[in-house]
Structure formats: structure tokens, C-alpha cells
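Just query20.cif here, mmCIF, C-alpha atoms, pLDDT in the B column; chains and numbers go by the auth columns:
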```
data_input
loop_
_atom_site.group_PDB
_atom_site.id
_atom_site.type_symbol
_atom_site.label_atom_id
_atom_site.label_comp_id
_atom_site.label_asym_id
_atom_site.label_seq_id
_atom_site.Cartn_x
_atom_site.Cartn_y
_atom_site.Cartn_z
_atom_site.B_iso_or_equiv
_atom_site.auth_seq_id
_atom_site.auth_asym_id
ATOM 1 C CA MET A 1 21.265 24.442 5.941 38.00 1 A
ATOM 2 C CA GLY A 2 20.695 26.679 2.896 42.00 2 A
ATOM 3 C CA GLU A 3 18.269 25.681 0.150 42.00 3 A
ATOM 4 C CA SER A 4 21.135 25.288 -2.317 41.00 4 A
ATOM 5 C CA GLN A 5 22.642 22.528 -0.167 52.00 5 A
ATOM 6 C CA GLU A 6 19.383 20.602 0.151 62.00 6 A
ATOM 7 C CA LYS A 7 19.468 17.262 -1.595 77.00 7 A
ATOM 8 C CA ASN A 8 16.868 16.581 -4.259 94.00 8 A
ATOM 9 C CA ILE A 9 13.584 15.041 -3.176 96.00 9 A
ATOM 10 C CA ILE A 10 13.358 11.616 -4.852 97.00 10 A
ATOM 11 C CA LEU A 11 10.341 10.074 -3.083 98.00 11 A
ATOM 12 C CA GLU A 12 7.216 11.920 -2.074 98.00 12 A
ATOM 13 C CA SER A 13 3.700 11.124 -0.921 98.00 13 A
ATOM 14 C CA LYS A 14 0.888 13.672 -0.888 98.00 14 A
ATOM 15 C CA ASN A 15 -2.184 13.067 1.288 98.00 15 A
ATOM 16 C CA VAL A 16 -2.022 9.306 0.884 98.00 16 A
ATOM 17 C CA ASP A 17 -4.701 7.009 2.291 98.00 17 A
ATOM 18 C CA VAL A 18 -4.589 3.242 1.899 98.00 18 A
ATOM 19 C CA TYR A 19 -7.584 0.975 2.348 97.00 19 A
ATOM 20 C CA TYR A 20 -7.751 -2.801 2.572 96.00 20 A
ATOM 21 C CA GLY A 21 -11.450 -3.241 1.884 95.00 21 A
ATOM 22 C CA ASP A 22 -13.125 -0.979 4.469 94.00 22 A
ATOM 23 C CA ASN A 23 -10.089 -0.880 6.758 94.00 23 A
ATOM 24 C CA ARG A 24 -8.092 2.356 6.457 96.00 24 A
ATOM 25 C CA ALA A 25 -4.463 1.283 6.964 96.00 25 A
ATOM 26 C CA ILE A 26 -2.742 4.599 6.095 98.00 26 A
ATOM 27 C CA LYS A 27 -4.292 7.938 7.033 98.00 27 A
ATOM 28 C CA ASP A 28 -3.439 11.077 5.067 98.00 28 A
ATOM 29 C CA VAL A 29 0.351 10.659 4.992 98.00 29 A
ATOM 30 C CA SER A 30 2.520 13.280 3.265 98.00 30 A
ATOM 31 C CA ILE A 31 6.294 12.879 3.316 98.00 31 A
ATOM 32 C CA LYS A 32 9.352 13.967 1.289 98.00 32 A
ATOM 33 C CA ILE A 33 12.476 11.798 1.171 98.00 33 A
ATOM 34 C CA GLN A 34 15.836 13.122 -0.022 97.00 34 A
ATOM 35 C CA GLU A 35 18.039 11.227 -2.439 96.00 35 A
ATOM 36 C CA LYS A 36 21.221 9.466 -1.263 96.00 36 A
ATOM 37 C CA SER A 37 20.060 9.319 2.321 97.00 37 A
ATOM 38 C CA VAL A 38 18.751 6.639 4.668 98.00 38 A
ATOM 39 C CA THR A 39 15.241 7.069 6.029 98.00 39 A
ATOM 40 C CA ALA A 40 13.919 4.734 8.730 98.00 40 A
ATOM 41 C CA PHE A 41 10.233 3.980 9.310 98.00 41 A
ATOM 42 C CA ILE A 42 9.587 2.986 12.923 97.00 42 A
ATOM 43 C CA GLY A 43 6.479 2.257 14.971 95.00 43 A
ATOM 44 C CA PRO A 44 4.673 -0.636 16.645 93.00 44 A
ATOM 45 C CA SER A 45 3.719 -3.773 14.683 90.00 45 A
ATOM 46 C CA GLY A 46 0.712 -3.307 12.443 89.00 46 A
ATOM 47 C CA CYS A 47 1.020 0.499 12.290 91.00 47 A
ATOM 48 C CA GLY A 48 1.320 0.638 8.483 95.00 48 A
ATOM 49 C CA LYS A 49 5.122 0.994 8.015 96.00 49 A
ATOM 50 C CA SER A 50 5.471 -1.893 5.539 96.00 50 A
ATOM 51 C CA THR A 51 2.254 -1.023 3.717 97.00 51 A
ATOM 52 C CA PHE A 52 3.529 2.521 3.260 98.00 52 A
ATOM 53 C CA LEU A 53 6.999 1.352 2.148 98.00 53 A
ATOM 54 C CA ARG A 54 5.485 -0.940 -0.493 97.00 54 A
ATOM 55 C CA LEU A 55 3.589 1.939 -2.075 98.00 55 A
ATOM 56 C CA PHE A 56 6.841 3.178 -3.608 98.00 56 A
ATOM 57 C CA ASN A 57 7.301 0.133 -5.838 96.00 57 A
ATOM 58 C CA ARG A 58 3.634 -0.824 -6.080 97.00 58 A
ATOM 59 C CA MET A 59 4.013 -4.113 -4.226 96.00 59 A
ATOM 60 C CA ASN A 60 0.582 -3.630 -2.648 96.00 60 A
ATOM 61 C CA ASP A 61 -0.965 -3.972 -6.129 95.00 61 A
ATOM 62 C CA TYR A 62 -0.930 -7.754 -5.598 93.00 62 A
ATOM 63 C CA ILE A 63 -3.460 -7.489 -2.753 95.00 63 A
ATOM 64 C CA PRO A 64 -6.973 -7.655 -4.291 95.00 64 A
ATOM 65 C CA ILE A 65 -8.653 -5.484 -1.620 97.00 65 A
ATOM 66 C CA PHE A 66 -5.946 -2.774 -1.728 97.00 66 A
ATOM 67 C CA ARG A 67 -7.020 0.739 -2.688 97.00 67 A
ATOM 68 C CA LYS A 68 -5.059 3.990 -2.547 97.00 68 A
ATOM 69 C CA GLU A 69 -6.012 7.661 -2.548 97.00 69 A
ATOM 70 C CA GLY A 70 -3.568 10.558 -2.862 98.00 70 A
ATOM 71 C CA GLU A 71 -0.374 10.742 -4.894 98.00 71 A
ATOM 72 C CA ILE A 72 3.004 8.964 -4.793 98.00 72 A
ATOM 73 C CA PHE A 73 5.982 10.376 -6.709 98.00 73 A
ATOM 74 C CA VAL A 74 9.301 8.755 -7.573 97.00 74 A
ATOM 75 C CA ASP A 75 11.778 11.162 -9.128 95.00 75 A
ATOM 76 C CA GLY A 76 8.939 13.568 -9.896 95.00 76 A
ATOM 77 C CA ASN A 77 6.695 11.028 -11.647 96.00 77 A
ATOM 78 C CA GLU A 78 3.312 9.975 -10.256 97.00 78 A
ATOM 79 C CA ILE A 79 3.845 6.203 -10.193 98.00 79 A
ATOM 80 C CA TYR A 80 0.159 5.234 -10.031 97.00 80 A
ATOM 81 C CA ASP A 81 -0.474 7.069 -13.303 95.00 81 A
ATOM 82 C CA LYS A 82 -2.016 4.743 -15.894 93.00 82 A
ATOM 83 C CA ASP A 83 0.956 5.282 -18.265 93.00 83 A
ATOM 84 C CA ILE A 84 3.529 4.000 -15.734 95.00 84 A
ATOM 85 C CA ARG A 85 5.086 0.635 -16.560 95.00 85 A
ATOM 86 C CA VAL A 86 5.414 -1.166 -13.260 94.00 86 A
ATOM 87 C CA GLU A 87 8.363 -3.325 -14.381 90.00 87 A
ATOM 88 C CA GLU A 88 10.289 -0.143 -15.305 92.00 88 A
ATOM 89 C CA LEU A 89 9.422 1.357 -11.929 96.00 89 A
ATOM 90 C CA ARG A 90 10.751 -1.714 -10.119 94.00 90 A
ATOM 91 C CA LYS A 91 14.078 -1.409 -11.901 92.00 91 A
ATOM 92 C CA GLN A 92 14.397 2.063 -10.378 96.00 92 A
ATOM 93 C CA VAL A 93 13.033 1.048 -6.984 97.00 93 A
ATOM 94 C CA GLY A 94 14.520 -2.225 -5.728 96.00 94 A
ATOM 95 C CA MET A 95 13.242 -4.182 -2.735 96.00 95 A
ATOM 96 C CA VAL A 96 14.845 -6.358 -0.071 96.00 96 A
ATOM 97 C CA PHE A 97 12.501 -8.391 2.093 94.00 97 A
ATOM 98 C CA GLN A 98 12.504 -9.453 5.722 92.00 98 A
ATOM 99 C CA LYS A 99 13.564 -13.029 5.055 93.00 99 A
ATOM 100 C CA PRO A 100 16.353 -13.642 2.521 94.00 100 A
ATOM 101 C CA ASN A 101 14.717 -15.027 -0.637 95.00 101 A
ATOM 102 C CA PRO A 102 17.435 -16.178 -3.042 96.00 102 A
ATOM 103 C CA PHE A 103 16.263 -18.212 -6.026 97.00 103 A
ATOM 104 C CA PRO A 104 17.214 -21.926 -6.097 97.00 104 A
ATOM 105 C CA LYS A 105 19.941 -21.139 -8.640 97.00 105 A
ATOM 106 C CA THR A 106 23.659 -20.425 -8.540 98.00 106 A
ATOM 107 C CA ILE A 107 25.002 -17.265 -6.897 98.00 107 A
ATOM 108 C CA PHE A 108 25.891 -15.963 -10.373 98.00 108 A
ATOM 109 C CA GLU A 109 22.378 -16.587 -11.756 98.00 109 A
ATOM 110 C CA ASN A 110 20.779 -14.924 -8.749 98.00 110 A
ATOM 111 C CA VAL A 111 22.701 -11.702 -9.373 98.00 111 A
ATOM 112 C CA VAL A 112 22.065 -11.579 -13.144 97.00 112 A
ATOM 113 C CA TYR A 113 18.395 -12.566 -12.884 96.00 113 A
ATOM 114 C CA GLY A 114 17.086 -9.062 -13.613 93.00 114 A
ATOM 115 C CA LEU A 115 19.513 -8.545 -16.490 94.00 115 A
ATOM 116 C CA ARG A 116 18.503 -11.828 -18.129 95.00 116 A
ATOM 117 C CA ILE A 117 14.850 -10.712 -17.966 90.00 117 A
ATOM 118 C CA GLN A 118 15.946 -7.524 -19.763 90.00 118 A
ATOM 119 C CA GLY A 119 17.528 -9.689 -22.470 94.00 119 A
ATOM 120 C CA VAL A 120 21.191 -9.067 -21.620 95.00 120 A
ATOM 121 C CA LYS A 121 23.157 -12.077 -22.886 95.00 121 A
ATOM 122 C CA LYS A 122 26.733 -10.894 -23.308 96.00 122 A
ATOM 123 C CA LYS A 123 28.932 -12.914 -20.966 96.00 123 A
ATOM 124 C CA SER A 124 31.443 -10.128 -20.332 97.00 124 A
ATOM 125 C CA ILE A 125 28.660 -7.730 -19.282 97.00 125 A
ATOM 126 C CA LEU A 126 27.053 -10.299 -16.990 97.00 126 A
ATOM 127 C CA GLU A 127 30.395 -11.176 -15.376 97.00 127 A
ATOM 128 C CA SER A 128 31.259 -7.533 -14.795 98.00 128 A
ATOM 129 C CA VAL A 129 27.832 -6.808 -13.238 97.00 129 A
ATOM 130 C CA VAL A 130 28.123 -9.839 -10.951 98.00 130 A
ATOM 131 C CA GLU A 131 31.480 -8.685 -9.617 98.00 131 A
ATOM 132 C CA LYS A 132 30.421 -5.058 -9.250 97.00 132 A
ATOM 133 C CA SER A 133 27.131 -5.934 -7.502 97.00 133 A
ATOM 134 C CA LEU A 134 28.728 -8.435 -5.117 97.00 134 A
ATOM 135 C CA VAL A 135 31.487 -5.955 -4.268 95.00 135 A
ATOM 136 C CA ARG A 136 28.840 -3.296 -3.535 94.00 136 A
ATOM 137 C CA ALA A 137 26.953 -5.780 -1.366 95.00 137 A
ATOM 138 C CA ALA A 138 30.178 -6.594 0.564 94.00 138 A
ATOM 139 C CA LEU A 139 29.952 -10.253 -0.443 96.00 139 A
ATOM 140 C CA TRP A 140 32.489 -10.650 -3.273 97.00 140 A
ATOM 141 C CA ASP A 141 35.438 -11.810 -1.176 96.00 141 A
ATOM 142 C CA GLU A 142 33.316 -14.492 0.475 97.00 142 A
ATOM 143 C CA VAL A 143 31.810 -15.984 -2.703 98.00 143 A
ATOM 144 C CA LYS A 144 34.106 -15.156 -5.642 97.00 144 A
ATOM 145 C CA ASP A 145 35.273 -18.804 -5.821 98.00 145 A
ATOM 146 C CA LYS A 146 31.740 -20.204 -5.438 97.00 146 A
ATOM 147 C CA LEU A 147 29.793 -18.266 -8.073 98.00 147 A
ATOM 148 C CA HIS A 148 28.505 -21.440 -9.713 97.00 148 A
ATOM 149 C CA GLN A 149 27.388 -23.075 -6.481 98.00 149 A
ATOM 150 C CA SER A 150 23.831 -22.902 -5.181 98.00 150 A
ATOM 151 C CA ALA A 151 22.862 -19.681 -3.417 98.00 151 A
ATOM 152 C CA LEU A 152 20.888 -21.793 -0.967 97.00 152 A
ATOM 153 C CA ALA A 153 24.161 -23.096 0.515 97.00 153 A
ATOM 154 C CA LEU A 154 25.024 -19.615 1.820 97.00 154 A
ATOM 155 C CA SER A 155 24.360 -18.550 5.412 96.00 155 A
ATOM 156 C CA GLY A 156 21.313 -16.384 6.155 95.00 156 A
ATOM 157 C CA GLY A 157 23.378 -13.218 6.358 95.00 157 A
ATOM 158 C CA GLN A 158 25.151 -14.008 3.088 97.00 158 A
ATOM 159 C CA GLN A 159 21.820 -14.789 1.417 97.00 159 A
ATOM 160 C CA GLN A 160 20.472 -11.401 2.470 96.00 160 A
ATOM 161 C CA ARG A 161 23.551 -9.621 1.049 96.00 161 A
ATOM 162 C CA LEU A 162 23.094 -11.671 -2.131 97.00 162 A
ATOM 163 C CA CYS A 163 19.505 -10.392 -2.354 97.00 163 A
ATOM 164 C CA ILE A 164 20.879 -6.856 -1.993 96.00 164 A
ATOM 165 C CA ALA A 165 23.398 -7.572 -4.796 97.00 165 A
ATOM 166 C CA ARG A 166 20.548 -8.905 -6.959 97.00 166 A
ATOM 167 C CA ALA A 167 18.581 -5.687 -6.373 95.00 167 A
ATOM 168 C CA LEU A 168 21.647 -3.525 -7.152 96.00 168 A
ATOM 169 C CA ALA A 169 22.492 -5.363 -10.402 96.00 169 A
ATOM 170 C CA VAL A 170 19.785 -3.541 -12.373 94.00 170 A
ATOM 171 C CA GLU A 171 21.122 -0.133 -11.182 94.00 171 A
ATOM 172 C CA PRO A 172 18.171 1.150 -9.148 96.00 172 A
ATOM 173 C CA LYS A 173 18.038 4.644 -7.676 96.00 173 A
ATOM 174 C CA VAL A 174 16.151 3.568 -4.576 98.00 174 A
ATOM 175 C CA LEU A 175 16.407 0.522 -2.315 98.00 175 A
ATOM 176 C CA LEU A 176 13.441 -0.318 -0.096 98.00 176 A
ATOM 177 C CA MET A 177 14.290 -2.619 2.816 97.00 177 A
ATOM 178 C CA ASP A 178 11.543 -4.230 4.865 96.00 178 A
ATOM 179 C CA GLU A 179 13.151 -5.242 8.183 95.00 179 A
ATOM 180 C CA PRO A 180 16.188 -6.620 6.294 94.00 180 A
ATOM 181 C CA ALA A 181 18.011 -7.828 9.405 93.00 181 A
ATOM 182 C CA SER A 182 15.187 -9.087 11.610 91.00 182 A
ATOM 183 C CA ALA A 183 15.797 -12.733 10.640 88.00 183 A
ATOM 184 C CA LEU A 184 19.594 -12.467 11.081 91.00 184 A
ATOM 185 C CA ASP A 185 22.076 -12.985 13.918 92.00 185 A
ATOM 186 C CA PRO A 186 23.875 -9.954 15.465 93.00 186 A
ATOM 187 C CA ILE A 187 27.068 -10.329 13.388 93.00 187 A
ATOM 188 C CA SER A 188 25.138 -10.530 10.098 92.00 188 A
ATOM 189 C CA THR A 189 22.969 -7.624 11.254 93.00 189 A
ATOM 190 C CA ALA A 190 26.067 -5.499 11.870 93.00 190 A
ATOM 191 C CA LYS A 191 27.300 -6.305 8.336 93.00 191 A
ATOM 192 C CA ILE A 192 23.962 -5.273 6.818 94.00 192 A
ATOM 193 C CA GLU A 193 23.995 -2.014 8.804 95.00 193 A
ATOM 194 C CA GLU A 194 27.556 -1.248 7.698 94.00 194 A
ATOM 195 C CA LEU A 195 26.507 -1.981 4.136 94.00 195 A
ATOM 196 C CA ILE A 196 23.522 0.391 4.343 95.00 196 A
ATOM 197 C CA PHE A 197 25.877 3.114 5.533 93.00 197 A
ATOM 198 C CA GLN A 198 28.157 2.560 2.505 93.00 198 A
ATOM 199 C CA LEU A 199 25.344 2.252 -0.039 95.00 199 A
ATOM 200 C CA LYS A 200 23.823 5.639 0.738 93.00 200 A
ATOM 201 C CA GLN A 201 26.730 7.272 -1.115 93.00 201 A
ATOM 202 C CA GLU A 202 25.048 6.010 -4.305 94.00 202 A
ATOM 203 C CA TYR A 203 21.474 5.084 -3.445 96.00 203 A
ATOM 204 C CA THR A 204 18.440 6.329 -1.583 98.00 204 A
ATOM 205 C CA ILE A 205 17.525 3.794 1.098 98.00 205 A
ATOM 206 C CA VAL A 206 14.277 3.486 3.010 98.00 206 A
ATOM 207 C CA ILE A 207 14.271 0.915 5.788 98.00 207 A
ATOM 208 C CA VAL A 208 11.407 -0.377 7.905 97.00 208 A
ATOM 209 C CA THR A 209 12.763 -1.533 11.247 95.00 209 A
ATOM 210 C CA HIS A 210 11.220 -2.581 14.545 89.00 210 A
ATOM 211 C CA ASN A 211 14.636 -2.022 16.129 91.00 211 A
ATOM 212 C CA MET A 212 14.963 1.568 17.310 92.00 212 A
ATOM 213 C CA GLN A 213 18.689 1.233 18.012 93.00 213 A
ATOM 214 C CA GLN A 214 19.125 0.178 14.396 95.00 214 A
ATOM 215 C CA ALA A 215 17.166 3.204 13.166 96.00 215 A
ATOM 216 C CA GLY A 216 19.399 5.370 15.358 95.00 216 A
ATOM 217 C CA ARG A 217 22.570 3.815 13.953 95.00 217 A
ATOM 218 C CA VAL A 218 21.844 3.760 10.220 96.00 218 A
ATOM 219 C CA SER A 219 19.364 6.491 9.311 97.00 219 A
ATOM 220 C CA ASP A 220 19.614 10.199 8.575 98.00 220 A
ATOM 221 C CA ARG A 221 15.913 10.806 9.129 98.00 221 A
ATOM 222 C CA THR A 222 13.248 8.798 10.930 98.00 222 A
ATOM 223 C CA ALA A 223 9.480 8.662 10.419 98.00 223 A
ATOM 224 C CA PHE A 224 7.389 7.436 13.348 98.00 224 A
ATOM 225 C CA PHE A 225 4.093 5.783 12.387 97.00 225 A
ATOM 226 C CA TYR A 226 1.281 4.963 14.764 96.00 226 A
ATOM 227 C CA VAL A 227 -2.033 3.342 13.751 95.00 227 A
ATOM 228 C CA GLY A 228 -1.590 4.346 10.109 97.00 228 A
ATOM 229 C CA GLU A 229 -0.678 7.968 10.832 98.00 229 A
ATOM 230 C CA LEU A 230 2.676 9.672 10.397 98.00 230 A
ATOM 231 C CA ILE A 231 3.135 11.158 13.874 98.00 231 A
ATOM 232 C CA GLU A 232 6.568 12.719 13.431 98.00 232 A
ATOM 233 C CA TYR A 233 9.250 12.905 10.736 98.00 233 A
ATOM 234 C CA GLU A 234 12.553 14.476 11.648 98.00 234 A
ATOM 235 C CA LYS A 235 16.323 14.153 11.544 98.00 235 A
ATOM 236 C CA THR A 236 17.024 10.939 13.428 98.00 236 A
ATOM 237 C CA LYS A 237 19.178 12.448 16.124 97.00 237 A
ATOM 238 C CA LYS A 238 16.596 15.123 16.879 97.00 238 A
ATOM 239 C CA LEU A 239 13.685 12.681 16.853 97.00 239 A
ATOM 240 C CA PHE A 240 15.420 10.394 19.343 97.00 240 A
ATOM 241 C CA THR A 241 16.777 13.083 21.665 96.00 241 A
ATOM 242 C CA ASN A 242 14.145 15.799 21.463 97.00 242 A
ATOM 243 C CA PRO A 243 10.900 14.589 19.868 97.00 243 A
ATOM 244 C CA LYS A 244 8.171 17.171 19.297 97.00 244 A
ATOM 245 C CA GLU A 245 5.254 14.822 19.899 97.00 245 A
ATOM 246 C CA GLU A 246 4.430 13.225 23.235 96.00 246 A
ATOM 247 C CA LEU A 247 3.415 10.001 21.436 96.00 247 A
ATOM 248 C CA THR A 248 6.865 9.752 19.843 96.00 248 A
ATOM 249 C CA GLU A 249 8.534 10.269 23.184 96.00 249 A
ATOM 250 C CA ARG A 250 6.392 7.594 24.814 95.00 250 A
ATOM 251 C CA TYR A 251 7.251 5.138 22.044 94.00 251 A
ATOM 252 C CA ILE A 252 11.011 5.714 22.020 93.00 252 A
ATOM 253 C CA THR A 253 11.252 5.571 25.809 91.00 253 A
ATOM 254 C CA GLY A 254 9.345 2.279 25.811 88.00 254 A
ATOM 255 C CA ARG A 255 6.328 3.539 27.708 83.00 255 A
ATOM 256 C CA PHE A 256 3.790 1.902 25.450 70.00 256 A
ATOM 257 C CA GLY A 257 3.331 -1.012 22.984 52.00 257 A
#
```
Go ahead and render the structure in this file as C-alpha cells.
Amino acid sequence: MGESQEKNIILESKNVDVYYGDNRAIKDVSIKIQEKSVTAFIGPSGCGKSTFLRLFNRMNDYIPIFRKEGEIFVDGNEIYDKDIRVEELRKQVGMVFQKPNPFPKTIFENVVYGLRIQGVKKKSILESVVEKSLVRAALWDEVKDKLHQSALALSGGQQQRLCIARALAVEPKVLLMDEPASALDPISTAKIEELIFQLKQEYTIVIVTHNMQQAGRVSDRTAFFYVGELIEYEKTKKLFTNPKEELTERYITGRFG
């Protein structure tokens, strides 16, 4: 593939270490992630995948003993720079968590939550964003007649798609997903995977998954983490069929933890 066809790099880490107190959770990780692609982070539990994912929208900042060394860039900007406004960053970099976490409000109010915080009041704008976001999250047809009912009445899979719609409503560039389907049944999981595939036309998606088959189905590139280190980062098909590192091969063939 020629340089001219390469997609832009939207996320990048350079020599990143993360410490929780004295414990080094991430060890010298450098990675470049292309825009409008899906990147999967795989590896055994506790290997640092979620910690690393959360660096890109500064979610680890809430942990008092968290400390980071190295640089993290979003769209060319060092996001741990003292001039960065974290709330602006999180508009650009949305997050979907492992368990669906809708607010105890109506479906409509869940979707417009971020816009209301930004001070958007115009009803026509809010209504248009709700429809657009729910359509993008493949949920509109199921809820269009229930917009003013509680989001908590939805099924788990619908709640997770609602959380995706809520993240999309503020027009992010990047969507971070931390095991978004691990709490869902197989049918809901398939819908989320299909949705990820559609969303990459417009967004950059990074997904942490413990499910290697899922990584194989939805991602363009896969990063394999082990004990805080990035062991291998490659096009997904190549990583699963012809890994360079013996450790990667042992993990994907199920020969260790």
C-alpha cells in the first residue's frame, strides 16, 4: 500500500509507561492508530488493555495513584498538555463501557445529555440529533415511538446501543469501547458487532475485547498486550494467521492463560 493511500494517524502513544503507585501497569508502549478503522486490543485479563484504552480520553485521571510517562496524541495534540481542556477532549473521544450505563431518564434525554451540558436548547436541533444518533446506533426503529419512556425499560442490548447513540450525539471523532458486548447475549452481541462495522465509515473505533473471535470479526488491526507490554501490533488477519511473536501464537492458539 503506497504512502499516499495510508489513512491519517489519529491516535498515537510514544514510549508510554503507566504506574499505579509503584506498580508499573503499562511498559513503554508506542502505537499508531489510523482514522476510520477498528483496532482491537486483546490479551489476558489484567494485562493493561483497559488502562491503555482509557489513556486516550484521560479516564485514568480519576484514579489518585495513577501516573503516566511518555506522550499520548489525539489528532496531533498531546492530550496531557496542561492547556488541554479535558471536557473538550471527551467530546472528541467518546467512551462506551462494559456494562450499559444509561441514565435514569427518558431515551430522548439520554441521547441529548451531552448537548444539554453544552447549552443546546433548541428543540428542533435536539430532535434532529436524537433521530440521527439513534439511526447511527441502529436503534431508531425499535424506540422511535418510546422516546419519552425510561431508558431503563430497554433490554441490555438496546441499552448498550443507546449508550453508543449518546456518545455519537456530540459528534466525536473517536469511539473507545471497553468490552462493549461482554455483558450481552449472542444476538445483542452480533448487533453491536454489525454496528461497529458500519460506524467505522465515519469514526475511529478502538475496542478492548477478551473475545478473540470478536476481534477477528470486527477489527482491521489488532494489538496483543501481555503483562503491560505491547507484544505485537499488526493487521488482524496477519496477526491471527501468521503472528511474528511466539507469545502471540501461544495466546491465540489457547496454549496459555
Once the PyMOL selection byres ((chain A and resi 113-129) around 9) has been applied to the shown file, what residues remain in the selection, as a PyMOL selection string? chain A and resi 91+108-112+130-134+166-167+169-170
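For the residues A:Met95, A:Lys238, A:Cys47, A:Arg255, ranking by smallest atom-to-atom distance to Ala165 of chain A using all atoms listed in the file places A:Met95 first.
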With distances taken over only C-alpha atoms, which residue among A:Val38, A:Ile205, A:Leu11, A:Ala25 lies nearest Asp220 of chain A? A:Val38
Within 12 Å of (-13.5, -2.8, 1.2), only C-alpha atoms: residues as number ranges by chain? A: 18-25, 63-68
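Atom CA of Phe240 of chain A lies 9.1 Å from atom CA of Thr253 of chain A.
The set of residues that the PyMOL selection byres ((chain A and resi 98) around 9) takes from this file is Val96, Phe97, Lys99, Pro100, Asn101, Gln160, Met177, Asp178, Glu179, Pro180, Ala181, Ser182 and Ala183 of chain A.
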Grab the residues selected above and save them as a PDB file, keeping the file's coordinate frame with C-alpha atoms.
```
ATOM      1  CA  VAL A  96      14.845  -6.358  -0.071  1.00 96.00           C
ATOM      2  CA  PHE A  97      12.501  -8.391   2.093  1.00 94.00           C
ATOM      3  CA  LYS A  99      13.564 -13.029   5.055  1.00 93.00           C
ATOM      4  CA  PRO A 100      16.353 -13.642   2.521  1.00 94.00           C
ATOM      5  CA  ASN A 101      14.717 -15.027  -0.637  1.00 95.00           C
ATOM      6  CA  GLN A 160      20.472 -11.401   2.470  1.00 96.00           C
ATOM      7  CA  MET A 177      14.290  -2.619   2.816  1.00 97.00           C
ATOM      8  CA  ASP A 178      11.543  -4.230   4.865  1.00 96.00           C
ATOM      9  CA  GLU A 179      13.151  -5.242   8.183  1.00 95.00           C
ATOM     10  CA  PRO A 180      16.188  -6.620   6.294  1.00 94.00           C
ATOM     11  CA  ALA A 181      18.011  -7.828   9.405  1.00 93.00           C
ATOM     12  CA  SER A 182      15.187  -9.087  11.610  1.00 91.00           C
ATOM     13  CA  ALA A 183      15.797 -12.733  10.640  1.00 88.00           C
TER      14      ALA A 183
END
```
Report, in Å with one decimal, the straight-line distance from atom CA of Ile42 of chain A to atom CA of Met212 of chain A.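 Value for the atom CA of Ile42 of chain A-atom CA of Met212 of chain A distance: 7.1 Å.
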On this file, the PyMOL selection byres ((chain A and resi 56) around 9) gives some set of residues; write that set as a PyMOL selection string. chain A and resi 11-13+52-55+57-59+72-74+79+89+93+176
Let me make sure I understand: among A:Gln213, A:Tyr203, A:Pro172, A:Thr189, which one has the smallest atom-to-atom distance to Glu88 of chain A if we use all atoms listed in the file?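 Among A:Gln213, A:Tyr203, A:Pro172, A:Thr189, it is A:Pro172 that comes nearest to Glu88 of chain A.
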Neighbours of Glu202 of chain A within 10 Å (only C-alpha atoms; same-chain residues fewer than 5 positions away dropped), as number ranges by chain? A: 35-37, 172-174
Include C-alpha atoms and write out the residues we just selected as a CSV table (one decimal), keeping the file's coordinate frame.
```csv
chain,number,residue,atom,x,y,z
A,35,GLU,CA,18.0,11.2,-2.4
A,36,LYS,CA,21.2,9.5,-1.3
A,37,SER,CA,20.1,9.3,2.3
A,172,PRO,CA,18.2,1.2,-9.1
A,173,LYS,CA,18.0,4.6,-7.7
A,174,VAL,CA,16.2,3.6,-4.6
```
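Residue nearest Arg221 of chain A, chosen from A:Thr51, A:Glu234, A:Val86, A:Thr209 and counting all atoms listed in the file: A:Glu234.
In terms of minimum interatomic distance to Lys49 of chain A, A:Ile26 ranks closest within A:Ile31, A:Ile26, A:Glu232, A:Gly94, counting only C-alpha atoms.
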Gap from atom CA of Ala190 of chain A to atom CA of Trp140 of chain A - Å, one decimal: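 About the pair atom CA of Ala190 of chain A and atom CA of Trp140 of chain A: they are 17.2 Å apart.
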Shell of 12 Å around Pro44 of chain A, all atoms listed in the file, local chain residues under 4 positions omitted, as a PDB file with C-alpha atoms, keeping the file's coordinate frame:
```pdb
ATOM      1  CA  GLY A  48       1.320   0.638   8.483  1.00 95.00           C
ATOM      2  CA  LYS A  49       5.122   0.994   8.015  1.00 96.00           C
ATOM      3  CA  SER A  50       5.471  -1.893   5.539  1.00 96.00           C
ATOM      4  CA  VAL A 208      11.407  -0.377   7.905  1.00 97.00           C
ATOM      5  CA  THR A 209      12.763  -1.533  11.247  1.00 95.00           C
ATOM      6  CA  HIS A 210      11.220  -2.581  14.545  1.00 89.00           C
ATOM      7  CA  ASN A 211      14.636  -2.022  16.129  1.00 91.00           C
ATOM      8  CA  MET A 212      14.963   1.568  17.310  1.00 92.00           C
ATOM      9  CA  PHE A 224       7.389   7.436  13.348  1.00 98.00           C
ATOM     10  CA  PHE A 225       4.093   5.783  12.387  1.00 97.00           C
ATOM     11  CA  TYR A 226       1.281   4.963  14.764  1.00 96.00           C
ATOM     12  CA  VAL A 227      -2.033   3.342  13.751  1.00 95.00           C
ATOM     13  CA  GLY A 228      -1.590   4.346  10.109  1.00 97.00           C
ATOM     14  CA  GLU A 229      -0.678   7.968  10.832  1.00 98.00           C
ATOM     15  CA  LEU A 247       3.415  10.001  21.436  1.00 96.00           C
ATOM     16  CA  THR A 248       6.865   9.752  19.843  1.00 96.00           C
ATOM     17  CA  ARG A 250       6.392   7.594  24.814  1.00 95.00           C
ATOM     18  CA  TYR A 251       7.251   5.138  22.044  1.00 94.00           C
ATOM     19  CA  ILE A 252      11.011   5.714  22.020  1.00 93.00           C
ATOM     20  CA  GLY A 254       9.345   2.279  25.811  1.00 88.00           C
ATOM     21  CA  ARG A 255       6.328   3.539  27.708  1.00 83.00           C
ATOM     22  CA  PHE A 256       3.790   1.902  25.450  1.00 70.00           C
ATOM     23  CA  GLY A 257       3.331  -1.012  22.984  1.00 52.00           C
TER      24      GLY A 257
END
```
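In this comparison, which uses all atoms listed in the file, the residue of A:Gln34, A:Gln92, A:Pro102, A:Ala151 approaching Lys7 of chain A most closely is A:Gln34.
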Produce the centre coordinates and the three edge lengths, each in Å to one decimal, of the box along x, y and z that contains all listed atoms of segment 26-35 of chain A with 8 Å added on each side, as JSON.
```
{"center_x": 6.9, "center_y": 9.3, "center_z": 2.3, "size_x": 38.3, "size_y": 25.4, "size_z": 25.5}
```
